[in-house]
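Enquirer: This is the content of target-v5.csv (CSV, C-alpha atoms):
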```csv
chain,number,residue,atom,x,y,z
A,1,MET,CA,80.0,-13.9,-42.7
A,2,SER,CA,79.7,-12.5,-39.1
A,3,SER,CA,82.7,-13.1,-36.8
A,4,ILE,CA,80.4,-12.9,-33.7
A,5,LYS,CA,80.0,-16.2,-31.9
A,6,PRO,CA,76.5,-17.7,-31.7
A,7,GLY,CA,74.9,-16.8,-28.4
A,8,TYR,CA,77.6,-14.1,-27.7
A,9,ILE,CA,76.8,-11.8,-24.8
A,10,ARG,CA,78.9,-8.7,-24.2
A,11,PRO,CA,80.6,-9.2,-20.8
A,12,LEU,CA,80.0,-6.8,-18.0
A,13,ASP,CA,82.6,-4.1,-17.6
A,14,LEU,CA,83.4,-4.7,-13.9
A,15,ARG,CA,86.0,-2.0,-13.9
A,16,HIS,CA,84.3,1.0,-15.5
A,17,GLY,CA,80.7,-0.1,-15.8
A,18,ARG,CA,77.7,1.0,-13.6
A,19,VAL,CA,74.5,-0.5,-12.4
A,20,ASP,CA,71.5,0.5,-14.6
A,21,LEU,CA,67.8,-0.3,-14.3
A,22,THR,CA,68.0,-3.2,-16.6
A,23,HIS,CA,70.1,-5.0,-14.0
A,24,GLY,CA,67.0,-5.2,-11.9
A,25,ALA,CA,64.5,-6.0,-14.6
A,26,GLY,CA,64.8,-9.8,-14.3
A,27,GLY,CA,66.1,-10.4,-17.9
A,28,ARG,CA,69.4,-11.1,-19.4
A,29,ALA,CA,71.2,-8.2,-17.8
A,30,SER,CA,70.0,-9.3,-14.3
A,31,HIS,CA,71.2,-12.8,-15.1
A,32,GLN,CA,74.6,-11.5,-16.1
A,33,LEU,CA,74.9,-9.5,-12.9
A,34,ILE,CA,74.0,-12.4,-10.7
A,35,GLU,CA,76.3,-14.8,-12.5
A,36,ALA,CA,79.3,-12.5,-12.8
A,37,VAL,CA,79.2,-10.7,-9.4
A,38,PHE,CA,77.2,-12.6,-6.9
A,39,LYS,CA,77.0,-16.3,-7.7
A,40,SER,CA,80.6,-16.8,-8.4
A,41,ALA,CA,81.7,-15.1,-5.2
A,42,PHE,CA,79.1,-16.5,-2.8
A,43,ALA,CA,79.6,-20.1,-4.0
A,44,ARG,CA,83.0,-20.0,-2.2
A,45,THR,CA,81.2,-19.8,1.1
A,46,LEU,CA,79.1,-23.0,0.6
A,47,PRO,CA,80.1,-26.1,2.5
A,48,THR,CA,81.0,-29.3,0.5
A,49,GLY,CA,77.9,-31.0,-0.9
A,50,LEU,CA,75.7,-27.9,-1.0
A,51,PRO,CA,75.5,-26.8,-4.7
A,52,ALA,CA,75.2,-23.2,-5.9
A,53,ALA,CA,71.8,-23.5,-7.4
A,54,SER,CA,69.7,-20.8,-9.2
A,55,ASP,CA,66.4,-21.6,-7.7
A,56,ASP,CA,64.0,-19.3,-5.7
A,57,GLY,CA,65.4,-20.6,-2.5
A,58,ALA,CA,68.0,-22.8,-0.9
A,59,VAL,CA,67.4,-26.4,0.1
A,60,LEU,CA,69.4,-26.9,3.3
A,61,PRO,CA,70.3,-30.0,5.3
A,62,ASN,CA,68.6,-30.3,8.7
A,63,PRO,CA,70.6,-28.1,11.0
A,64,LEU,CA,69.3,-30.0,14.0
A,65,ALA,CA,70.5,-33.4,12.8
A,66,ALA,CA,73.8,-33.1,14.7
A,67,MET,CA,72.1,-31.5,17.7
A,68,PRO,CA,68.6,-32.9,17.9
A,69,GLU,CA,67.9,-31.3,21.2
A,70,GLY,CA,69.1,-27.9,20.1
A,71,ARG,CA,67.0,-25.0,19.0
A,72,LEU,CA,66.9,-23.0,15.8
A,73,VAL,CA,67.7,-19.3,16.1
A,74,MET,CA,66.9,-16.8,13.3
A,75,SER,CA,67.8,-13.1,13.0
A,76,THR,CA,67.5,-10.4,10.4
A,77,ASP,CA,69.2,-7.0,9.9
A,78,ALA,CA,69.4,-4.2,7.4
A,79,HIS,CA,72.4,-2.1,6.6
A,80,VAL,CA,72.3,1.5,5.3
A,81,VAL,CA,75.7,2.8,6.5
A,82,SER,CA,77.1,5.9,4.8
A,83,PRO,CA,79.7,5.9,3.4
A,84,LEU,CA,79.9,2.4,2.0
A,85,PHE,CA,83.6,2.1,2.7
A,86,PHE,CA,85.2,3.3,5.9
A,87,PRO,CA,88.5,2.7,7.8
A,88,GLY,CA,88.8,-0.9,8.7
A,89,SER,CA,85.7,-2.3,6.9
A,90,ASP,CA,82.8,-1.7,4.6
A,91,ILE,CA,79.0,-2.3,4.2
A,92,GLY,CA,79.6,-5.8,2.9
A,93,ALA,CA,81.6,-7.2,5.9
A,94,LEU,CA,79.4,-5.2,8.2
A,95,ALA,CA,76.3,-7.0,6.8
A,96,VAL,CA,77.8,-10.4,7.5
A,97,HIS,CA,79.2,-9.5,10.9
A,98,GLY,CA,76.0,-7.9,12.0
A,99,THR,CA,73.8,-10.9,11.5
A,100,VAL,CA,76.5,-13.4,12.6
A,101,ASN,CA,76.9,-11.4,15.8
A,102,ASP,CA,73.1,-11.2,16.5
A,103,LEU,CA,73.0,-15.0,16.3
A,104,ALA,CA,76.0,-15.4,18.5
A,105,MET,CA,74.5,-13.2,21.1
A,106,MET,CA,71.7,-15.8,21.4
A,107,GLY,CA,74.3,-18.5,22.0
A,108,ALA,CA,73.8,-19.9,18.5
A,109,THR,CA,76.3,-21.2,16.1
A,110,PRO,CA,75.6,-19.3,12.8
A,111,LEU,CA,75.2,-21.6,9.8
A,112,HIS,CA,73.4,-19.9,6.9
A,113,LEU,CA,72.8,-16.4,5.6
A,114,SER,CA,70.5,-14.9,3.0
A,115,VAL,CA,71.2,-11.5,1.5
A,116,SER,CA,69.2,-8.9,-0.3
A,117,PHE,CA,70.7,-6.0,-2.3
A,118,ILE,CA,69.0,-2.7,-3.1
A,119,LEU,CA,71.2,-1.1,-5.7
A,120,GLU,CA,71.0,2.4,-6.9
A,121,GLU,CA,71.2,3.2,-10.7
A,122,GLY,CA,74.6,4.5,-11.4
A,123,LEU,CA,76.5,2.5,-8.7
A,124,PRO,CA,80.0,1.7,-10.1
A,125,LEU,CA,80.2,-2.1,-10.7
A,126,ALA,CA,83.7,-2.0,-9.3
A,127,ASP,CA,82.3,-0.8,-5.9
A,128,LEU,CA,79.7,-3.6,-6.0
A,129,VAL,CA,82.3,-6.2,-6.7
A,130,ARG,CA,84.4,-4.9,-3.9
A,131,VAL,CA,81.5,-5.2,-1.5
A,132,VAL,CA,80.6,-8.7,-2.6
A,133,GLN,CA,84.2,-9.9,-2.3
A,134,SER,CA,84.3,-8.4,1.2
A,135,MET,CA,81.1,-10.2,2.2
A,136,THR,CA,82.5,-13.5,0.8
A,137,GLN,CA,85.7,-13.1,2.8
A,138,ALA,CA,83.9,-12.2,6.0
A,139,ALA,CA,81.5,-15.2,5.6
A,140,MET,CA,84.3,-17.6,5.0
A,141,ALA,CA,86.2,-16.4,8.0
A,142,ALA,CA,83.1,-16.7,10.2
A,143,ARG,CA,82.4,-20.2,8.7
A,144,VAL,CA,78.9,-19.2,7.6
A,145,ALA,CA,77.4,-19.9,4.2
A,146,ILE,CA,75.6,-17.3,2.0
A,147,VAL,CA,73.0,-19.6,0.5
A,148,THR,CA,70.4,-17.5,-1.2
A,149,GLY,CA,69.7,-13.9,-2.1
A,150,ASP,CA,67.9,-11.3,-4.2
A,151,THR,CA,68.7,-8.1,-6.1
A,152,LYS,CA,66.7,-5.0,-6.9
A,153,VAL,CA,67.6,-1.8,-8.6
A,154,VAL,CA,66.0,1.6,-7.9
A,155,GLU,CA,66.3,4.9,-9.7
A,156,ARG,CA,69.2,7.2,-9.3
A,157,GLY,CA,69.0,9.2,-6.0
A,158,LYS,CA,66.7,6.6,-4.3
A,159,ALA,CA,69.2,4.4,-2.4
A,160,ASP,CA,72.4,6.3,-1.7
A,161,GLY,CA,74.4,3.7,-3.6
A,162,LEU,CA,73.6,0.4,-1.9
A,163,TYR,CA,71.6,-1.1,0.9
A,164,ILE,CA,71.9,-4.6,2.1
A,165,SER,CA,69.5,-6.7,4.1
A,166,THR,CA,70.6,-10.1,5.6
A,167,ALA,CA,68.9,-12.9,7.5
A,168,GLY,CA,70.7,-15.6,9.4
A,169,LEU,CA,70.0,-19.1,10.7
A,170,GLY,CA,71.8,-20.8,13.5
A,171,VAL,CA,71.5,-23.5,16.2
A,172,ALA,CA,71.7,-23.0,19.9
A,173,PRO,CA,72.8,-25.9,22.1
A,174,PRO,CA,70.2,-27.6,24.4
A,175,GLY,CA,69.8,-26.1,27.9
A,176,LEU,CA,71.3,-22.7,26.9
A,177,HIS,CA,69.0,-19.7,27.4
A,178,LEU,CA,70.3,-16.1,27.1
A,179,SER,CA,68.0,-13.1,27.3
A,180,GLY,CA,68.1,-9.5,28.4
A,181,GLN,CA,65.4,-10.4,30.9
A,182,LEU,CA,67.7,-12.7,32.9
A,183,ALA,CA,70.1,-10.3,34.7
A,184,ARG,CA,70.1,-10.7,38.4
A,185,PRO,CA,71.4,-8.5,41.3
A,186,GLY,CA,74.9,-9.4,42.1
A,187,ASP,CA,75.8,-10.6,38.6
A,188,ALA,CA,79.1,-9.4,37.0
A,189,ILE,CA,79.1,-7.3,33.9
A,190,LEU,CA,82.0,-7.9,31.5
A,191,LEU,CA,83.1,-6.0,28.3
A,192,SER,CA,85.3,-7.6,25.6
A,193,GLY,CA,87.3,-4.5,24.7
A,194,SER,CA,87.6,-0.8,24.0
A,195,ILE,CA,84.5,1.1,22.8
A,196,GLY,CA,83.6,3.7,20.2
A,197,GLU,CA,86.0,2.8,17.3
A,198,HIS,CA,83.3,1.9,14.7
A,199,GLY,CA,81.2,5.0,15.3
A,200,MET,CA,84.2,7.3,15.2
A,201,ALA,CA,85.7,5.6,12.1
A,202,VAL,CA,82.5,6.0,10.1
A,203,LEU,CA,82.1,9.6,11.2
A,204,SER,CA,85.6,10.6,10.4
A,205,GLN,CA,85.3,9.1,6.9
A,206,ARG,CA,81.9,10.8,6.4
A,207,GLU,CA,83.1,14.2,7.4
A,208,GLY,CA,86.6,14.0,5.9
A,209,LEU,CA,88.4,14.2,9.3
A,210,ARG,CA,92.0,13.2,9.7
A,211,PHE,CA,93.5,12.3,13.1
A,212,GLU,CA,97.1,11.9,14.0
A,213,ALA,CA,96.5,8.3,15.1
A,214,PRO,CA,94.2,6.5,12.7
A,215,ILE,CA,90.9,5.3,14.0
A,216,VAL,CA,89.6,2.1,12.3
A,217,SER,CA,86.3,0.2,12.8
A,218,ASP,CA,86.3,-2.8,15.1
A,219,CYS,CA,83.9,-4.6,12.8
A,220,ALA,CA,84.4,-8.4,13.4
A,221,ALA,CA,82.5,-11.6,13.8
A,222,LEU,CA,82.2,-12.6,17.4
A,223,ASN,CA,81.0,-16.2,17.1
A,224,GLY,CA,84.4,-17.6,17.8
A,225,LEU,CA,84.8,-15.6,21.0
A,226,VAL,CA,81.3,-16.6,22.1
A,227,ALA,CA,82.1,-20.3,21.5
A,228,ASP,CA,85.2,-20.0,23.7
A,229,MET,CA,83.1,-18.3,26.4
A,230,LEU,CA,80.4,-21.0,26.3
A,231,ALA,CA,83.0,-23.7,26.6
A,232,THR,CA,84.0,-22.5,30.1
A,233,GLY,CA,80.6,-23.6,31.4
A,234,ALA,CA,80.1,-20.2,33.0
A,235,ARG,CA,76.5,-19.4,34.0
A,236,LEU,CA,75.9,-16.7,31.4
A,237,ARG,CA,72.7,-14.7,31.6
A,238,VAL,CA,73.0,-12.1,28.9
A,239,LEU,CA,75.1,-11.5,25.8
A,240,ARG,CA,74.8,-8.3,23.8
A,241,ASP,CA,76.8,-6.5,21.1
A,242,PRO,CA,76.5,-2.8,21.9
A,243,THR,CA,75.9,-1.4,18.3
A,244,ARG,CA,73.6,1.6,17.8
A,245,GLY,CA,73.3,3.6,20.9
A,246,GLY,CA,76.5,2.2,22.3
A,247,LEU,CA,77.3,0.6,25.6
A,248,ALA,CA,75.2,3.0,27.7
A,249,THR,CA,72.0,2.3,25.7
A,250,THR,CA,72.6,-1.4,25.8
A,251,LEU,CA,73.0,-1.3,29.6
A,252,ASN,CA,69.7,0.6,29.9
A,253,GLU,CA,67.9,-1.9,27.6
A,254,ILE,CA,68.9,-4.8,29.8
A,255,ALA,CA,68.3,-3.0,33.1
A,256,SER,CA,64.8,-2.2,31.9
A,257,ALA,CA,64.1,-5.7,30.6
A,258,SER,CA,65.4,-7.4,33.8
A,259,GLN,CA,64.0,-4.7,36.2
A,260,VAL,CA,67.4,-4.3,37.8
A,261,GLY,CA,70.0,-1.5,38.1
A,262,MET,CA,73.6,-1.3,37.0
A,263,GLN,CA,76.7,0.1,38.7
A,264,ILE,CA,79.5,0.7,36.3
A,265,ASP,CA,83.1,1.7,36.9
A,266,GLU,CA,84.4,4.3,34.5
A,267,ASP,CA,88.0,3.3,35.0
A,268,ALA,CA,87.3,-0.2,33.9
A,269,ILE,CA,86.0,0.8,30.4
A,270,ALA,CA,88.8,0.8,27.8
A,271,ILE,CA,88.7,3.7,25.3
A,272,GLN,CA,91.5,4.2,22.7
A,273,PRO,CA,93.3,7.5,23.3
A,274,ALA,CA,92.6,8.6,19.7
A,275,VAL,CA,88.9,7.8,20.1
A,276,ALA,CA,88.7,9.7,23.4
A,277,ALA,CA,90.5,12.7,21.9
A,278,ALA,CA,88.2,12.7,18.8
A,279,CYS,CA,85.1,12.5,21.0
A,280,GLU,CA,86.3,15.4,23.2
A,281,PHE,CA,87.0,17.5,20.1
A,282,MET,CA,83.6,16.8,18.6
A,283,GLY,CA,81.6,16.9,21.8
A,284,LEU,CA,80.6,13.2,21.7
A,285,ASP,CA,80.4,10.6,24.4
A,286,PRO,CA,82.1,7.3,23.5
A,287,LEU,CA,79.7,5.5,25.8
A,288,TYR,CA,76.9,6.2,23.2
A,289,LEU,CA,79.0,5.4,20.0
A,290,ALA,CA,78.3,2.3,18.0
A,291,ASN,CA,80.5,-0.8,18.2
A,292,GLU,CA,80.6,-3.7,15.7
A,293,GLY,CA,83.1,-6.0,17.2
A,294,LYS,CA,82.6,-5.9,20.9
A,295,LEU,CA,80.3,-7.8,23.3
A,296,MET,CA,79.0,-7.3,26.8
A,297,ALA,CA,78.3,-10.3,29.0
A,298,ILE,CA,76.4,-10.7,32.2
A,299,CYS,CA,77.2,-13.8,34.3
A,300,ASP,CA,77.0,-15.2,37.8
A,301,ALA,CA,79.7,-13.3,39.8
A,302,ALA,CA,81.4,-16.6,40.9
A,303,ASP,CA,82.0,-17.5,37.2
A,304,ALA,CA,83.4,-14.1,36.2
A,305,PRO,CA,87.1,-14.8,36.7
A,306,ALA,CA,87.1,-17.9,34.5
A,307,LEU,CA,84.9,-16.3,31.9
A,308,LEU,CA,87.2,-13.2,31.8
A,309,GLN,CA,90.3,-15.4,31.4
A,310,ALA,CA,88.7,-17.2,28.4
A,311,MET,CA,87.8,-13.8,26.8
A,312,GLN,CA,91.3,-12.4,27.3
A,313,ALA,CA,92.8,-15.5,25.7
A,314,HIS,CA,90.9,-14.8,22.4
A,315,PRO,CA,92.2,-12.2,19.9
A,316,LEU,CA,88.9,-10.3,20.1
A,317,GLY,CA,88.9,-10.2,23.9
A,318,ARG,CA,92.4,-9.3,24.9
A,319,GLN,CA,91.2,-6.0,26.5
A,320,ALA,CA,88.3,-7.7,28.2
A,321,SER,CA,87.5,-6.4,31.7
A,322,ARG,CA,84.9,-6.5,34.4
A,323,ILE,CA,83.2,-3.2,34.2
A,324,GLY,CA,80.5,-3.4,36.9
A,325,THR,CA,77.8,-5.2,38.8
A,326,VAL,CA,74.0,-5.7,38.5
A,327,THR,CA,72.2,-4.1,41.4
A,328,ASP,CA,68.8,-4.5,43.0
A,329,ASP,CA,67.1,-1.4,41.7
A,330,GLY,CA,63.5,-1.7,40.4
A,331,HIS,CA,63.8,1.7,38.8
A,332,GLY,CA,66.3,0.3,36.3
A,333,PHE,CA,68.9,3.1,36.8
A,334,VAL,CA,72.3,2.7,35.2
A,335,GLN,CA,74.9,4.6,37.2
A,336,MET,CA,78.6,5.0,36.7
A,337,ARG,CA,81.3,5.7,39.3
A,338,THR,CA,83.5,8.3,37.7
A,339,ARG,CA,87.2,8.3,37.9
A,340,PHE,CA,86.9,11.4,40.2
A,341,GLY,CA,84.9,9.4,42.7
A,342,GLY,CA,81.4,10.8,41.9
A,343,GLN,CA,78.3,9.2,40.4
A,344,ARG,CA,76.9,9.8,36.9
A,345,MET,CA,73.6,8.7,35.7
A,346,LEU,CA,73.8,6.9,32.3
A,347,ASP,CA,70.4,7.5,30.6
A,348,TRP,CA,69.1,6.2,27.3
A,349,LEU,CA,70.4,7.7,24.2
A,350,MET,CA,68.4,10.8,23.3
A,351,GLY,CA,68.2,11.7,19.6
A,352,ASP,CA,70.6,10.3,17.0
A,353,PRO,CA,74.1,11.9,17.1
A,354,LEU,CA,75.4,9.6,14.4
A,355,PRO,CA,72.7,8.5,11.9
A,356,ARG,CA,73.4,5.8,9.2
A,357,ILE,CA,76.1,4.2,11.3
A,358,CYS,CA,75.3,0.5,10.4
```
Translate the structure of the given file into structure tokens.
Expert:
Amino acid sequence: MSSIKPGYIRPLDLRHGRVDLTHGAGGRASHQLIEAVFKSAFARTLPTGLPAASDDGAVLPNPLAAMPEGRLVMSTDAHVVSPLFFPGSDIGALAVHGTVNDLAMMGATPLHLSVSFILEEGLPLADLVRVVQSMTQAAMAARVAIVTGDTKVVERGKADGLYISTAGLGVAPPGLHLSGQLARPGDAILLSGSIGEHGMAVLSQREGLRFEAPIVSDCAALNGLVADMLATGARLRVLRDPTRGGLATTLNEIASASQVGMQIDEDAIAIQPAVAAACEFMGLDPLYLANEGKLMAICDAADAPALLQAMQAHPLGRQASRIGTVTDDGHGFVQMRTRFGGQRMLDWLMGDPLPRIC
């Protein structure tokens, strides 16, 4: 008589096993992967009363019920960072933070995320579990629910381990309108903290570089900081997180959209000494390095002191500073007053010094 239990399925070896093509075929192996890795983790992010179903989509409560005059905001993002794990974060937390921050930059409260995984045949299951657990922790900390998702598997060599695509849904309060087209001459430009850590952290891990002072990614969810900023009642025009292309490229995007100029003060921009030294060593400009936990705000100049005070009171804004002023310049030039007293033109990013950064 067989000692095997009826309906027995060999459990996944989450420590030593690897993803194979059957995990993306839609059969028993796919079901096993979803149940053992994704569903059990992401169910922890769901609010009370929202069940972890196995349907083709998530049925959600009306997000406007508590704010009937609010507006829905939706964003989507893809993440192909290499390597998957880097000092301070990983592709999982980055995927959550990236979409949460995109919603927050529109003034929205992030509520729900969907996630899609492209897995490469041969990916260690232990790495996948680590990424999923990181996403779960990031979502719970940001108070956002991962409500639905999808998984595909491609042949070895076709996906560099793992790609993640996310979409997010949030609600913006009535009367609030933030846009890169709304900057006005005389407005103040504020920055929430030091720049360049994410780009340099990923690059150092990718190239096997070691610095005397460790450089870690600033990857973080900014929705809490934004909520505190909105609570001040400041007349905000623009919120942006300077990711790919860095601070300089973000300033140029807004200047072009609003048909204004920017005058920036180099001394007001915080850069960690380790980042500055690494950039000098590698011939990179920190103004063009990606950030994943910083934001830039443009507001009415009269409201800048109160807004800056609120930013500095938040853990993610302790180094916040006013870095410049919007100017009346139809050419859309972004200029920086250097610490030596001269003027430097900050142009758009040309080329891609750090590919696969997010």
Enquirer: Go through A:Gln133, A:Gln259, A:Ser82, A:Thr109 one by one, measure the shortest atom-to-atom distance of each to Arg44 of chain A using only C-alpha atoms, and give the residue with the smallest value.
Expert: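 Looking at the shortest contact to Arg44 of chain A, the residue is A:Gln133.
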Enquirer: Residues within 7 Å of segment 308-319 of chain A, please, as an MDAnalysis selection string. Count all atoms listed in the file; anything in the same chain fewer than 4 positions from it doesn't count.
Expert: chainID A and resid 192:194 225 228:229 304
Enquirer: If we count all atoms listed in the file, what is near segment 282-290 of chain A at a cut-off of 12 Å, once residues fewer than 4 positions away on the same chain are taken out, given as a PDB file with C-alpha atoms, in the frame of the given file?
Expert:
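For reference, result30.pdb as written:
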```
ATOM      1  CA  VAL A  81      75.700   2.800   6.500  1.00  0.00           C
ATOM      2  CA  SER A 194      87.600  -0.800  24.000  1.00  0.00           C
ATOM      3  CA  ILE A 195      84.500   1.100  22.800  1.00  0.00           C
ATOM      4  CA  GLY A 196      83.600   3.700  20.200  1.00  0.00           C
ATOM      5  CA  GLU A 197      86.000   2.800  17.300  1.00  0.00           C
ATOM      6  CA  HIS A 198      83.300   1.900  14.700  1.00  0.00           C
ATOM      7  CA  GLY A 199      81.200   5.000  15.300  1.00  0.00           C
ATOM      8  CA  MET A 200      84.200   7.300  15.200  1.00  0.00           C
ATOM      9  CA  ALA A 201      85.700   5.600  12.100  1.00  0.00           C
ATOM     10  CA  VAL A 202      82.500   6.000  10.100  1.00  0.00           C
ATOM     11  CA  LEU A 203      82.100   9.600  11.200  1.00  0.00           C
ATOM     12  CA  SER A 204      85.600  10.600  10.400  1.00  0.00           C
ATOM     13  CA  GLU A 207      83.100  14.200   7.400  1.00  0.00           C
ATOM     14  CA  LEU A 209      88.400  14.200   9.300  1.00  0.00           C
ATOM     15  CA  SER A 217      86.300   0.200  12.800  1.00  0.00           C
ATOM     16  CA  ASP A 218      86.300  -2.800  15.100  1.00  0.00           C
ATOM     17  CA  CYS A 219      83.900  -4.600  12.800  1.00  0.00           C
ATOM     18  CA  ASP A 241      76.800  -6.500  21.100  1.00  0.00           C
ATOM     19  CA  PRO A 242      76.500  -2.800  21.900  1.00  0.00           C
ATOM     20  CA  THR A 243      75.900  -1.400  18.300  1.00  0.00           C
ATOM     21  CA  ARG A 244      73.600   1.600  17.800  1.00  0.00           C
ATOM     22  CA  GLY A 245      73.300   3.600  20.900  1.00  0.00           C
ATOM     23  CA  GLY A 246      76.500   2.200  22.300  1.00  0.00           C
ATOM     24  CA  LEU A 247      77.300   0.600  25.600  1.00  0.00           C
ATOM     25  CA  ALA A 248      75.200   3.000  27.700  1.00  0.00           C
ATOM     26  CA  THR A 249      72.000   2.300  25.700  1.00  0.00           C
ATOM     27  CA  THR A 250      72.600  -1.400  25.800  1.00  0.00           C
ATOM     28  CA  LEU A 251      73.000  -1.300  29.600  1.00  0.00           C
ATOM     29  CA  ASN A 252      69.700   0.600  29.900  1.00  0.00           C
ATOM     30  CA  ILE A 264      79.500   0.700  36.300  1.00  0.00           C
ATOM     31  CA  GLU A 266      84.400   4.300  34.500  1.00  0.00           C
ATOM     32  CA  ILE A 269      86.000   0.800  30.400  1.00  0.00           C
ATOM     33  CA  ALA A 270      88.800   0.800  27.800  1.00  0.00           C
ATOM     34  CA  ILE A 271      88.700   3.700  25.300  1.00  0.00           C
ATOM     35  CA  GLN A 272      91.500   4.200  22.700  1.00  0.00           C
ATOM     36  CA  PRO A 273      93.300   7.500  23.300  1.00  0.00           C
ATOM     37  CA  ALA A 274      92.600   8.600  19.700  1.00  0.00           C
ATOM     38  CA  VAL A 275      88.900   7.800  20.100  1.00  0.00           C
ATOM     39  CA  ALA A 276      88.700   9.700  23.400  1.00  0.00           C
ATOM     40  CA  ALA A 277      90.500  12.700  21.900  1.00  0.00           C
ATOM     41  CA  ALA A 278      88.200  12.700  18.800  1.00  0.00           C
ATOM     42  CA  LYS A 294      82.600  -5.900  20.900  1.00  0.00           C
ATOM     43  CA  LEU A 295      80.300  -7.800  23.300  1.00  0.00           C
ATOM     44  CA  MET A 336      78.600   5.000  36.700  1.00  0.00           C
ATOM     45  CA  LEU A 346      73.800   6.900  32.300  1.00  0.00           C
ATOM     46  CA  ASP A 347      70.400   7.500  30.600  1.00  0.00           C
ATOM     47  CA  TRP A 348      69.100   6.200  27.300  1.00  0.00           C
ATOM     48  CA  LEU A 349      70.400   7.700  24.200  1.00  0.00           C
ATOM     49  CA  MET A 350      68.400  10.800  23.300  1.00  0.00           C
ATOM     50  CA  GLY A 351      68.200  11.700  19.600  1.00  0.00           C
ATOM     51  CA  ASP A 352      70.600  10.300  17.000  1.00  0.00           C
ATOM     52  CA  PRO A 353      74.100  11.900  17.100  1.00  0.00           C
ATOM     53  CA  LEU A 354      75.400   9.600  14.400  1.00  0.00           C
ATOM     54  CA  PRO A 355      72.700   8.500  11.900  1.00  0.00           C
ATOM     55  CA  ARG A 356      73.400   5.800   9.200  1.00  0.00           C
ATOM     56  CA  ILE A 357      76.100   4.200  11.300  1.00  0.00           C
ATOM     57  CA  CYS A 358      75.300   0.500  10.400  1.00  0.00           C
TER      58      CYS A 358
END
```
Enquirer: Place a sphere of radius 8 Å on (76.6, -3.1, -17.1) in the file coordinates and name every protein, DNA or RNA residue with an atom inside or on its surface, counting only C-alpha atoms; give the answer as JSON, numbers by chain.
Expert: {"A": [12, 13, 14, 17, 18, 19, 20, 23, 29, 33, 125]}
Enquirer: Provide the atom CA of Thr76 of chain A to atom CA of Ala231 of chain A distance in Å, to one decimal place.
Expert: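 These atoms are spaced 26.1 Å apart.
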Enquirer: What's the 9 Å shell around Ala53 of chain A, counting all atoms listed in the file, without same-chain residues fewer than 5 positions away, as a ChimeraX atom specification?
Expert: /A:39,58,147-148
Enquirer: The residues within 12 Å of (68.7, -0.7, -10.0), using only C-alpha atoms and the coordinates of the file, should be reported as a ChimeraX atom specification; which are they?
Expert: /A:18-26,29-30,33,117-125,151-163
Enquirer: Just how far from atom CA of Pro214 of chain A is atom CA of Met296 of chain A, in Å to one decimal?
Expert: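 Atom-to-atom, atom CA of Met296 of chain A to atom CA of Pro214 of chain A, that is 24.9 Å.
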Enquirer: Take atom CA of Arg240 of chain A and atom CA of Leu222 of chain A and report the distance between them in Å, one decimal.
Expert: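 Separation between atom CA of Arg240 of chain A and atom CA of Leu222 of chain A: 10.7 Å.
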Enquirer: Using all atoms listed in the file, which residues sit within 10 Å of Ser75 of chain A once same-chain residues fewer than 5 positions away are excluded, as a list in words?
Expert: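 Answer for this query is Gly98, Thr99, Val100, Asn101, Asp102, Leu103, Met106, Pro110, Leu113, Thr166, Ala167, Gly168, Leu169 and Gly170 of chain A.
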Enquirer: So, counting all atoms listed in the file, which residue among A:Met74, A:Ala93, A:Ala36, A:Met67 is closest to Ala221 of chain A?
Expert: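 Smallest distance to Ala221 of chain A is found for A:Ala93.
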Enquirer: Between A:Ala213, A:Val96, A:Ala183, A:Ala268, which is the closest to Leu236 of chain A once you count only C-alpha atoms?
Expert: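 Smallest distance to Leu236 of chain A is found for A:Ala183.
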Enquirer: Which of these, A:Ala65, A:Leu190, A:Ile254, A:Ala306, has the shortest distance to Leu230 of chain A once you count only C-alpha atoms?
Expert: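 The closest residue to Leu230 of chain A is A:Ala306.
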Enquirer: Could segment 88-95 of chain A be completed with N, CA and C atoms and returned as a PDB file, keeping the file's coordinate frame?
Expert:
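Below is the file result.pdb, written as the result:
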```pdb
ATOM      1  N   GLY A  88      88.859   0.347   8.041  1.00  0.00           N
ATOM      2  CA  GLY A  88      88.800  -0.900   8.700  1.00  0.00           C
ATOM      3  C   GLY A  88      87.715  -1.877   8.201  1.00  0.00           C
ATOM      4  N   SER A  89      86.744  -1.378   7.403  1.00  0.00           N
ATOM      5  CA  SER A  89      85.700  -2.300   6.900  1.00  0.00           C
ATOM      6  C   SER A  89      84.851  -1.603   5.858  1.00  0.00           C
ATOM      7  N   ASP A  90      83.689  -2.189   5.566  1.00  0.00           N
ATOM      8  CA  ASP A  90      82.800  -1.700   4.600  1.00  0.00           C
ATOM      9  C   ASP A  90      81.398  -2.266   4.804  1.00  0.00           C
ATOM     10  N   ILE A  91      80.417  -1.835   4.023  1.00  0.00           N
ATOM     11  CA  ILE A  91      79.000  -2.300   4.200  1.00  0.00           C
ATOM     12  C   ILE A  91      78.887  -3.791   4.019  1.00  0.00           C
ATOM     13  N   GLY A  92      79.731  -4.394   3.175  1.00  0.00           N
ATOM     14  CA  GLY A  92      79.600  -5.800   2.900  1.00  0.00           C
ATOM     15  C   GLY A  92      80.006  -6.668   4.135  1.00  0.00           C
ATOM     16  N   ALA A  93      81.208  -6.436   4.669  1.00  0.00           N
ATOM     17  CA  ALA A  93      81.600  -7.200   5.900  1.00  0.00           C
ATOM     18  C   ALA A  93      80.717  -6.850   7.040  1.00  0.00           C
ATOM     19  N   LEU A  94      80.281  -5.584   7.135  1.00  0.00           N
ATOM     20  CA  LEU A  94      79.400  -5.200   8.200  1.00  0.00           C
ATOM     21  C   LEU A  94      78.081  -5.975   8.168  1.00  0.00           C
ATOM     22  N   ALA A  95      77.549  -6.210   6.957  1.00  0.00           N
ATOM     23  CA  ALA A  95      76.300  -7.000   6.800  1.00  0.00           C
ATOM     24  C   ALA A  95      76.448  -8.387   7.324  1.00  0.00           C
TER      25      ALA A  95
END
```
